[in-house]
$ cat coords_33.cif   # mmCIF, C-alpha atoms
data_structure
#
loop_
_atom_site.label_atom_id
_atom_site.label_comp_id
_atom_site.auth_asym_id
_atom_site.auth_seq_id
_atom_site.Cartn_x
_atom_site.Cartn_y
_atom_site.Cartn_z
CA MET A 1 0.00 0.00 0.00
CA SER A 2 1.26 3.48 -0.77
CA THR A 3 -0.34 6.89 -0.66
CA PRO A 4 0.15 10.09 -2.61
CA ASN A 5 0.73 11.96 0.67
CA LYS A 6 3.76 14.21 0.40
CA ASP A 7 5.33 16.75 2.68
CA ILE A 8 4.81 14.65 5.78
CA GLU A 9 6.01 16.63 8.79
CA LYS A 10 5.13 14.93 12.08
CA VAL A 11 3.73 11.42 12.37
CA GLU A 12 2.70 9.09 15.11
CA VAL A 13 2.98 5.30 14.93
CA ARG A 14 0.60 3.58 17.35
CA LEU A 15 0.57 -0.09 18.30
CA LYS A 16 -1.85 -2.22 20.31
CA TRP A 17 -2.38 -5.87 21.17
CA ASP A 18 -4.17 -7.98 23.74
CA PRO A 19 -2.28 -9.23 26.80
CA SER A 20 -1.29 -12.89 26.97
CA PRO A 21 -3.67 -15.34 28.70
CA HIS A 22 -3.46 -15.55 32.48
CA GLY A 23 -0.39 -17.51 33.56
CA ALA A 24 1.35 -17.30 30.17
CA PRO A 25 4.49 -15.21 29.55
CA PRO A 26 3.62 -11.64 28.50
CA HIS A 27 3.41 -10.60 24.86
CA ASP A 28 5.91 -7.78 24.37
CA LEU A 29 5.81 -5.95 21.05
CA ASP A 30 8.10 -3.03 20.28
CA ILE A 31 8.10 -0.21 17.74
CA ILE A 32 11.54 0.30 16.18
CA ALA A 33 12.54 3.22 13.93
CA ALA A 34 15.68 3.06 11.78
CA THR A 35 17.21 6.11 10.11
CA TYR A 36 19.36 5.95 6.99
CA LEU A 37 21.82 8.49 5.65
CA ALA A 38 21.34 9.95 2.16
CA GLU A 39 24.58 8.32 0.98
CA ALA A 40 23.56 4.91 2.43
CA PRO A 41 19.74 4.58 2.27
CA TYR A 42 19.78 0.75 2.56
CA GLY A 43 21.54 -1.80 4.74
CA SER A 44 22.66 -0.88 8.24
CA PRO A 45 20.85 2.07 9.82
CA ALA A 46 22.68 5.18 11.01
CA TYR A 47 20.85 4.79 14.31
CA LEU A 48 17.85 3.03 15.86
CA VAL A 49 15.12 4.31 18.16
CA HIS A 50 13.28 1.77 20.36
CA PHE A 51 12.44 1.22 24.02
CA ASP A 52 14.93 2.92 26.35
CA SER A 53 16.27 5.15 23.56
CA ARG A 54 15.53 8.20 21.44
CA SER A 55 17.14 9.87 18.46
CA PRO A 56 20.26 11.94 19.24
CA ASP A 57 18.47 15.15 18.21
CA GLY A 58 15.11 14.32 19.84
CA THR A 59 13.19 14.14 16.55
CA ILE A 60 12.12 10.51 17.08
CA ILE A 61 10.91 9.46 20.51
CA LEU A 62 8.95 6.59 22.02
CA ASN A 63 6.20 8.34 23.96
CA ARG A 64 4.65 5.21 25.43
CA ASP A 65 6.12 1.74 25.92
CA SER A 66 4.25 -1.38 27.03
CA ARG A 67 5.71 -4.74 27.91
CA THR A 68 2.36 -6.52 28.25
CA GLY A 69 -0.29 -4.92 26.02
CA GLN A 70 -2.34 -4.10 29.10
CA GLY A 71 -4.14 -0.82 28.92
CA PHE A 72 -6.82 0.90 26.93
CA GLY A 73 -6.37 1.70 23.27
CA PHE A 74 -2.90 1.95 21.83
CA ASP A 75 -0.25 0.72 24.26
CA GLU A 76 2.89 1.85 22.47
CA VAL A 77 3.30 5.16 20.61
CA MET A 78 6.26 6.66 18.73
CA THR A 79 6.44 10.22 17.37
CA LEU A 80 8.62 11.10 14.37
CA GLU A 81 9.23 14.78 13.63
CA LEU A 82 10.47 14.36 10.08
CA ASN A 83 10.38 18.11 9.40
CA ARG A 84 13.12 18.56 12.04
CA LEU A 85 15.29 15.62 10.97
CA SER A 86 18.70 16.61 9.59
CA ALA A 87 18.98 16.82 5.80
CA SER A 88 21.72 14.17 5.99
CA TYR A 89 18.98 11.55 6.50
CA SER A 90 16.88 10.52 3.52
CA ARG A 91 14.99 7.46 4.74
CA VAL A 92 13.27 6.37 7.94
CA LEU A 93 11.82 2.89 8.29
CA VAL A 94 9.49 1.91 11.13
CA GLY A 95 8.84 -1.66 12.19
CA VAL A 96 7.33 -3.76 14.94
CA ALA A 97 9.18 -6.65 16.58
CA ILE A 98 7.93 -9.27 19.01
CA GLN A 99 10.32 -10.00 21.89
CA GLN A 100 11.34 -13.66 21.76
CA ARG A 101 12.55 -14.17 25.38
CA ASP A 102 10.06 -16.94 26.18
CA GLY A 103 10.24 -18.88 22.91
CA ARG A 104 9.27 -18.11 19.33
CA LYS A 105 6.08 -16.05 19.04
CA THR A 106 4.43 -14.82 15.82
CA PHE A 107 1.82 -12.17 15.07
CA ALA A 108 -0.79 -14.92 14.50
CA GLU A 109 -0.34 -16.02 18.14
CA ILE A 110 -1.12 -12.57 19.57
CA ALA A 111 -4.74 -11.48 19.65
CA ASN A 112 -6.05 -8.18 18.31
CA THR A 113 -2.82 -6.67 17.03
CA ALA A 114 -3.16 -3.34 15.24
CA VAL A 115 -0.87 -0.60 14.04
CA GLN A 116 -1.76 2.89 12.85
CA VAL A 117 0.38 5.50 11.15
CA ARG A 118 -1.14 8.95 11.59
CA GLU A 119 -0.35 12.53 10.75
CA GLY A 120 -2.47 14.64 13.05
CA TYR A 121 -6.00 13.27 12.80
CA MET A 122 -5.44 11.74 9.35
CA SER A 123 -4.71 8.03 9.17
CA LEU A 124 -1.97 7.26 6.63
CA ALA A 125 -2.14 3.50 7.17
CA GLU A 126 -3.69 0.83 9.39
CA ASP A 127 -2.90 -2.87 9.57
CA ASP A 128 -3.60 -5.89 11.78
CA PHE A 129 -0.57 -8.02 10.76
CA SER A 130 -2.83 -10.79 9.42
CA ALA A 131 -0.97 -10.80 6.08
CA VAL A 132 2.29 -11.49 7.95
CA GLY A 133 0.89 -13.78 10.67
CA ALA A 134 3.80 -16.23 10.51
CA ALA A 135 6.35 -13.44 11.03
CA THR A 136 8.00 -12.38 14.28
CA ALA A 137 8.60 -8.80 13.07
CA ALA A 138 7.40 -6.52 10.27
CA THR A 139 8.10 -3.17 8.71
CA VAL A 140 5.01 -0.94 8.81
CA ALA A 141 6.03 2.41 7.32
CA GLU A 142 8.70 3.95 5.15
CA PHE A 143 9.38 7.66 4.84
CA VAL A 144 11.62 8.83 2.00
CA ARG A 145 12.90 12.36 1.45
CA ASP A 146 13.01 13.42 -2.20
CA THR A 147 15.69 15.64 -3.74
CA SER A 148 13.72 18.79 -2.91
CA GLY A 149 13.57 17.83 0.79
CA VAL A 150 9.91 16.76 0.86
CA TRP A 151 9.05 13.59 2.81
CA GLU A 152 6.82 10.97 1.17
CA PHE A 153 5.10 8.07 2.95
CA HIS A 154 4.96 4.48 1.71
CA GLY A 155 3.01 1.86 3.64
CA THR A 156 5.24 -1.22 3.61
CA VAL A 157 4.00 -4.08 5.77
CA ARG A 158 6.66 -6.72 5.17
CA GLY A 159 7.24 -9.69 7.45
CA PHE A 160 10.54 -10.91 8.89
CA ASP A 161 11.48 -14.02 10.83
CA GLY A 162 14.02 -13.51 13.57
CA ASP A 163 14.64 -11.86 16.90
CA PRO A 164 14.42 -8.07 17.39
CA ASP A 165 18.21 -7.60 17.05
CA SER A 166 18.44 -9.36 13.68
CA PHE A 167 15.30 -7.55 12.48
CA ALA A 168 16.71 -4.14 13.44
CA ALA A 169 19.97 -4.90 11.62
CA THR A 170 18.31 -6.07 8.39
CA MET A 171 14.94 -4.28 8.19
CA GLY A 172 16.29 -1.68 5.79
CA ASN A 173 17.79 -4.10 3.28
CA ARG A 174 16.50 -4.16 -0.29
CA THR A 175 15.55 -7.86 -0.09
CA SER A 176 12.41 -9.13 1.59
CA GLY A 177 12.58 -10.53 5.10
CA ALA A 178 10.19 -13.48 5.17
#
$ encode --input "coords_33.cif" --output "structure tokens"
Amino acid sequence: MSTPNKDIEKVEVRLKWDPSPHGAPPHDLDIIAATYLAEAPYGSPAYLVHFDSRSPDGTIILNRDSRTGQGFGFDEVMTLELNRLSASYSRVLVGVAIQQRDGRKTFAEIANTAVQVREGYMSLAEDDFSAVGAATAATVAEFVRDTSGVWEFHGTVRGFDGDPDSFAATMGNRTSGA
């Protein structure tokens, strides 16, 4: 899915899921943002933003982090201020990874998952991960800066199989994950 939306300035990525059944290890999903330099828009990211971190310049922050999915509405929220991001960055990729501490867990095993990408009150994309149910992680949004400096959004739900570390290292590659 892609959209003709251009000149994206400030977006919010919101994630929700149902808690694990009573007595089972908690479901812990995490939003991860990866930034890429203009001279290296694919491969290893320049830096990552995820739980317990933020971008060096404060343009990408995790406003809300959940380790269980307990709560009302969206449990994890990340804000990306693309309009403030240095011109040296030309690509930002956002993904969701499932923590694998208690054994392999896929999106199909977690009830009522949902992700939204919003700019203000306008929804740019929504997904429930059903198309990538066998995956343990997925990219959910790509923002690319064109030569004039305008950001463009591409919805890119693409599944990966691996732990959060391997996902974060490879999510920006040109090849598909899973």
$ resolve_selection --input "coords_33.cif" --expression "the PyMOL selection byres ((chain A and resi 100) around 12)" --output "list in words"
Pro25, Pro26, His27, Asp28, Leu29, Asp30, Ala97, Ile98, Gln99, Arg101, Asp102, Gly103, Arg104, Lys105, Thr106, Phe107, Ala135, Thr136, Ala137, Asp161, Gly162, Asp163, Pro164, Asp165, Ser166 and Phe167 of chain A
$ residues_around --input "coords_33.cif" --residues "segment 43-47 of chain A" --least-positions-apart "6" --cutoff "12 Å" --atoms "only C-alpha atoms" --output "PyMOL selection string"
chain A and resi 32-37+53-57+60+88-94+165-175
$ atom_distance --input "coords_33.cif" --atom1 "atom CA of Asn63 of chain A" --atom2 "atom CA of Thr79 of chain A"
6.9 Å
$ residues_around --input "coords_33.cif" --residues "Gly95 of chain A" --least-positions-apart "3" --cutoff "6 Å" --atoms "all atoms listed in the file" --output "VMD selection string"
chain A and resid 31 to 32 138 to 140
$ closest_residue --input "coords_33.cif" --among "A:Leu62, A:Arg118, A:Leu82, A:Asp127" --to "Arg145 of chain A" --atoms "all atoms listed in the file"
A:Leu82
$ closest_residue --input "coords_33.cif" --among "A:Val117, A:Val13, A:Val144, A:Ala111" --to "Ala38 of chain A" --atoms "only C-alpha atoms"
A:Val144
$ residues_around --input "coords_33.cif" --residues "Trp17 of chain A" --least-positions-apart "4" --cutoff "8 Å" --atoms "only C-alpha atoms" --output "ChimeraX atom specification"
/A:69,74-75,110-114
$ write_last_selection --input "coords_33.cif" --atoms "C-alpha atoms" --output "JSON list (two decimals), keeping the file's coordinate frame"
[["chain", "number", "residue", "atom", "x", "y", "z"],
["A", 69, "GLY", "CA", -0.29, -4.92, 26.02],
["A", 74, "PHE", "CA", -2.90, 1.95, 21.83],
["A", 75, "ASP", "CA", -0.25, 0.72, 24.26],
["A", 110, "ILE", "CA", -1.12, -12.57, 19.57],
["A", 111, "ALA", "CA", -4.74, -11.48, 19.65],
["A", 112, "ASN", "CA", -6.05, -8.18, 18.31],
["A", 113, "THR", "CA", -2.82, -6.67, 17.03],
["A", 114, "ALA", "CA", -3.16, -3.34, 15.24]]
$ resolve_selection --input "coords_33.cif" --expression "the PyMOL selection byres ((chain A and resi 10) around 6)" --output "ChimeraX atom specification"
/A:9,11,80-82
$ atom_distance --input "coords_33.cif" --atom1 "atom CA of Val115 of chain A" --atom2 "atom CA of Arg14 of chain A"
5.5 Å
$ atom_distance --input "coords_33.cif" --atom1 "atom CA of Glu109 of chain A" --atom2 "atom CA of His154 of chain A"
26.8 Å
$ resolve_selection --input "coords_33.cif" --expression "the PyMOL selection byres ((chain A and resi 151) around 6)" --output "short mmCIF file (atom, residue, chain, number, x, y, z; two decimals) with C-alpha atoms, in the frame of the given file"
data_model
loop_
_atom_site.label_atom_id
_atom_site.label_comp_id
_atom_site.auth_asym_id
_atom_site.auth_seq_id
_atom_site.Cartn_x
_atom_site.Cartn_y
_atom_site.Cartn_z
CA LYS A 6 3.76 14.21 0.40
CA ASP A 7 5.33 16.75 2.68
CA ILE A 8 4.81 14.65 5.78
CA VAL A 144 11.62 8.83 2.00
CA ARG A 145 12.90 12.36 1.45
CA VAL A 150 9.91 16.76 0.86
CA GLU A 152 6.82 10.97 1.17
#
$ decode --input "coords_33.cif" --residues "segment 70-116 of chain A" --atoms "N, CA and C atoms" --output "mmCIF file, in the first residue's frame"
data_model
loop_
_atom_site.group_PDB
_atom_site.id
_atom_site.type_symbol
_atom_site.label_atom_id
_atom_site.label_comp_id
_atom_site.auth_asym_id
_atom_site.auth_seq_id
_atom_site.Cartn_x
_atom_site.Cartn_y
_atom_site.Cartn_z
ATOM 1 N N GLN A 70 -1.250 -4.454 28.197
ATOM 2 C CA GLN A 70 -2.340 -4.104 29.104
ATOM 3 C C GLN A 70 -2.558 -2.601 29.069
ATOM 4 N N GLY A 71 -3.795 -2.233 28.981
ATOM 5 C CA GLY A 71 -4.141 -0.820 28.924
ATOM 6 C C GLY A 71 -5.307 -0.629 27.981
ATOM 7 N N PHE A 72 -5.696 0.589 27.799
ATOM 8 C CA PHE A 72 -6.820 0.900 26.928
ATOM 9 C C PHE A 72 -6.298 1.549 25.661
ATOM 10 N N GLY A 73 -6.779 1.096 24.538
ATOM 11 C CA GLY A 73 -6.373 1.701 23.271
ATOM 12 C C GLY A 73 -4.976 1.286 22.867
ATOM 13 N N PHE A 74 -4.230 2.240 22.344
ATOM 14 C CA PHE A 74 -2.897 1.952 21.832
ATOM 15 C C PHE A 74 -1.888 2.008 22.975
ATOM 16 N N ASP A 75 -1.139 0.908 23.125
ATOM 17 C CA ASP A 75 -0.255 0.718 24.264
ATOM 18 C C ASP A 75 1.148 1.270 24.040
ATOM 19 N N GLU A 76 1.549 1.365 22.791
ATOM 20 C CA GLU A 76 2.888 1.845 22.469
ATOM 21 C C GLU A 76 2.751 2.894 21.376
ATOM 22 N N VAL A 77 3.421 4.043 21.549
ATOM 23 C CA VAL A 77 3.296 5.163 20.614
ATOM 24 C C VAL A 77 4.668 5.780 20.383
ATOM 25 N N MET A 78 5.010 5.999 19.098
ATOM 26 C CA MET A 78 6.263 6.660 18.726
ATOM 27 C C MET A 78 5.932 7.878 17.872
ATOM 28 N N THR A 79 6.610 8.999 18.148
ATOM 29 C CA THR A 79 6.441 10.221 17.369
ATOM 30 C C THR A 79 7.705 10.470 16.561
ATOM 31 N N LEU A 80 7.508 10.791 15.276
ATOM 32 C CA LEU A 80 8.620 11.101 14.375
ATOM 33 C C LEU A 80 8.403 12.507 13.823
ATOM 34 N N GLU A 81 9.296 13.418 14.150
ATOM 35 C CA GLU A 81 9.227 14.779 13.628
ATOM 36 C C GLU A 81 10.164 14.863 12.426
ATOM 37 N N LEU A 82 9.659 14.426 11.285
ATOM 38 C CA LEU A 82 10.472 14.364 10.077
ATOM 39 C C LEU A 82 10.901 15.753 9.607
ATOM 40 N N ASN A 83 10.057 16.751 9.822
ATOM 41 C CA ASN A 83 10.379 18.114 9.400
ATOM 42 C C ASN A 83 11.594 18.679 10.132
ATOM 43 N N ARG A 84 11.962 18.112 11.262
ATOM 44 C CA ARG A 84 13.117 18.562 12.037
ATOM 45 C C ARG A 84 14.347 17.681 11.852
ATOM 46 N N LEU A 85 14.182 16.559 11.157
ATOM 47 C CA LEU A 85 15.285 15.619 10.973
ATOM 48 C C LEU A 85 16.334 16.217 10.037
ATOM 49 N N SER A 86 17.589 16.060 10.373
ATOM 50 C CA SER A 86 18.697 16.607 9.589
ATOM 51 C C SER A 86 18.593 16.196 8.115
ATOM 52 N N ALA A 87 19.000 17.091 7.236
ATOM 53 C CA ALA A 87 18.979 16.824 5.796
ATOM 54 C C ALA A 87 19.923 15.692 5.410
ATOM 55 N N SER A 88 20.811 15.278 6.303
ATOM 56 C CA SER A 88 21.717 14.170 5.992
ATOM 57 C C SER A 88 21.000 12.820 5.985
ATOM 58 N N TYR A 89 19.760 12.782 6.497
ATOM 59 C CA TYR A 89 18.980 11.546 6.502
ATOM 60 C C TYR A 89 17.928 11.607 5.399
ATOM 61 N N SER A 90 17.831 10.529 4.627
ATOM 62 C CA SER A 90 16.878 10.522 3.516
ATOM 63 C C SER A 90 15.816 9.435 3.629
ATOM 64 N N ARG A 91 15.939 8.579 4.620
ATOM 65 C CA ARG A 91 14.994 7.457 4.739
ATOM 66 C C ARG A 91 14.831 7.094 6.205
ATOM 67 N N VAL A 92 13.576 6.866 6.603
ATOM 68 C CA VAL A 92 13.265 6.372 7.943
ATOM 69 C C VAL A 92 12.308 5.201 7.767
ATOM 70 N N LEU A 93 12.645 4.091 8.356
ATOM 71 C CA LEU A 93 11.823 2.891 8.287
ATOM 72 C C LEU A 93 11.345 2.573 9.696
ATOM 73 N N VAL A 94 10.059 2.233 9.821
ATOM 74 C CA VAL A 94 9.486 1.906 11.126
ATOM 75 C C VAL A 94 8.973 0.472 11.074
ATOM 76 N N GLY A 95 9.279 -0.275 12.118
ATOM 77 C CA GLY A 95 8.836 -1.657 12.191
ATOM 78 C C GLY A 95 8.348 -2.013 13.576
ATOM 79 N N VAL A 96 7.811 -3.218 13.675
ATOM 80 C CA VAL A 96 7.333 -3.764 14.944
ATOM 81 C C VAL A 96 7.971 -5.139 15.115
ATOM 82 N N ALA A 97 8.548 -5.363 16.281
ATOM 83 C CA ALA A 97 9.180 -6.654 16.582
ATOM 84 C C ALA A 97 8.572 -7.244 17.845
ATOM 85 N N ILE A 98 8.415 -8.554 17.840
ATOM 86 C CA ILE A 98 7.929 -9.273 19.013
ATOM 87 C C ILE A 98 9.143 -9.785 19.782
ATOM 88 N N GLN A 99 9.229 -9.472 21.072
ATOM 89 C CA GLN A 99 10.317 -9.998 21.893
ATOM 90 C C GLN A 99 10.191 -11.526 21.941
ATOM 91 N N GLN A 100 11.319 -12.206 21.855
ATOM 92 C CA GLN A 100 11.340 -13.665 21.764
ATOM 93 C C GLN A 100 11.962 -14.319 23.000
ATOM 94 N N ARG A 101 11.926 -13.663 24.149
ATOM 95 C CA ARG A 101 12.554 -14.174 25.375
ATOM 96 C C ARG A 101 11.998 -15.530 25.811
ATOM 97 N N ASP A 102 10.706 -15.731 25.654
ATOM 98 C CA ASP A 102 10.060 -16.942 26.177
ATOM 99 C C ASP A 102 9.717 -17.942 25.081
ATOM 100 N N GLY A 103 10.506 -17.979 24.028
ATOM 101 C CA GLY A 103 10.244 -18.876 22.908
ATOM 102 C C GLY A 103 9.671 -18.115 21.722
ATOM 103 N N ARG A 104 9.707 -18.742 20.570
ATOM 104 C CA ARG A 104 9.274 -18.107 19.332
ATOM 105 C C ARG A 104 7.784 -17.766 19.387
ATOM 106 N N LYS A 105 7.460 -16.525 19.052
ATOM 107 C CA LYS A 105 6.084 -16.045 19.044
ATOM 108 C C LYS A 105 5.864 -15.260 17.753
ATOM 109 N N THR A 106 4.737 -15.513 17.076
ATOM 110 C CA THR A 106 4.427 -14.823 15.820
ATOM 111 C C THR A 106 3.212 -13.908 16.004
ATOM 112 N N PHE A 107 2.979 -13.056 15.011
ATOM 113 C CA PHE A 107 1.821 -12.170 15.070
ATOM 114 C C PHE A 107 0.513 -12.954 15.148
ATOM 115 N N ALA A 108 0.436 -14.120 14.489
ATOM 116 C CA ALA A 108 -0.787 -14.919 14.504
ATOM 117 C C ALA A 108 -1.114 -15.432 15.908
ATOM 118 N N GLU A 109 -0.137 -15.505 16.782
ATOM 119 C CA GLU A 109 -0.336 -16.018 18.139
ATOM 120 C C GLU A 109 -0.731 -14.931 19.137
ATOM 121 N N ILE A 110 -0.795 -13.692 18.682
ATOM 122 C CA ILE A 110 -1.116 -12.572 19.567
ATOM 123 C C ILE A 110 -2.439 -11.969 19.108
ATOM 124 N N ALA A 111 -3.392 -11.927 20.003
ATOM 125 C CA ALA A 111 -4.744 -11.485 19.648
ATOM 126 C C ALA A 111 -4.830 -9.963 19.481
ATOM 127 N N ASN A 112 -5.651 -9.578 18.528
ATOM 128 C CA ASN A 112 -6.049 -8.177 18.311
ATOM 129 C C ASN A 112 -4.891 -7.206 18.142
ATOM 130 N N THR A 113 -3.913 -7.601 17.326
ATOM 131 C CA THR A 113 -2.824 -6.669 17.027
ATOM 132 C C THR A 113 -3.324 -5.621 16.034
ATOM 133 N N ALA A 114 -2.815 -4.417 16.175
ATOM 134 C CA ALA A 114 -3.156 -3.342 15.240
ATOM 135 C C ALA A 114 -2.073 -2.278 15.288
ATOM 136 N N VAL A 115 -1.801 -1.705 14.137
ATOM 137 C CA VAL A 115 -0.865 -0.600 14.043
ATOM 138 C C VAL A 115 -1.504 0.491 13.198
ATOM 139 N N GLN A 116 -1.293 1.729 13.599
ATOM 140 C CA GLN A 116 -1.760 2.894 12.846
ATOM 141 C C GLN A 116 -0.589 3.830 12.633
#
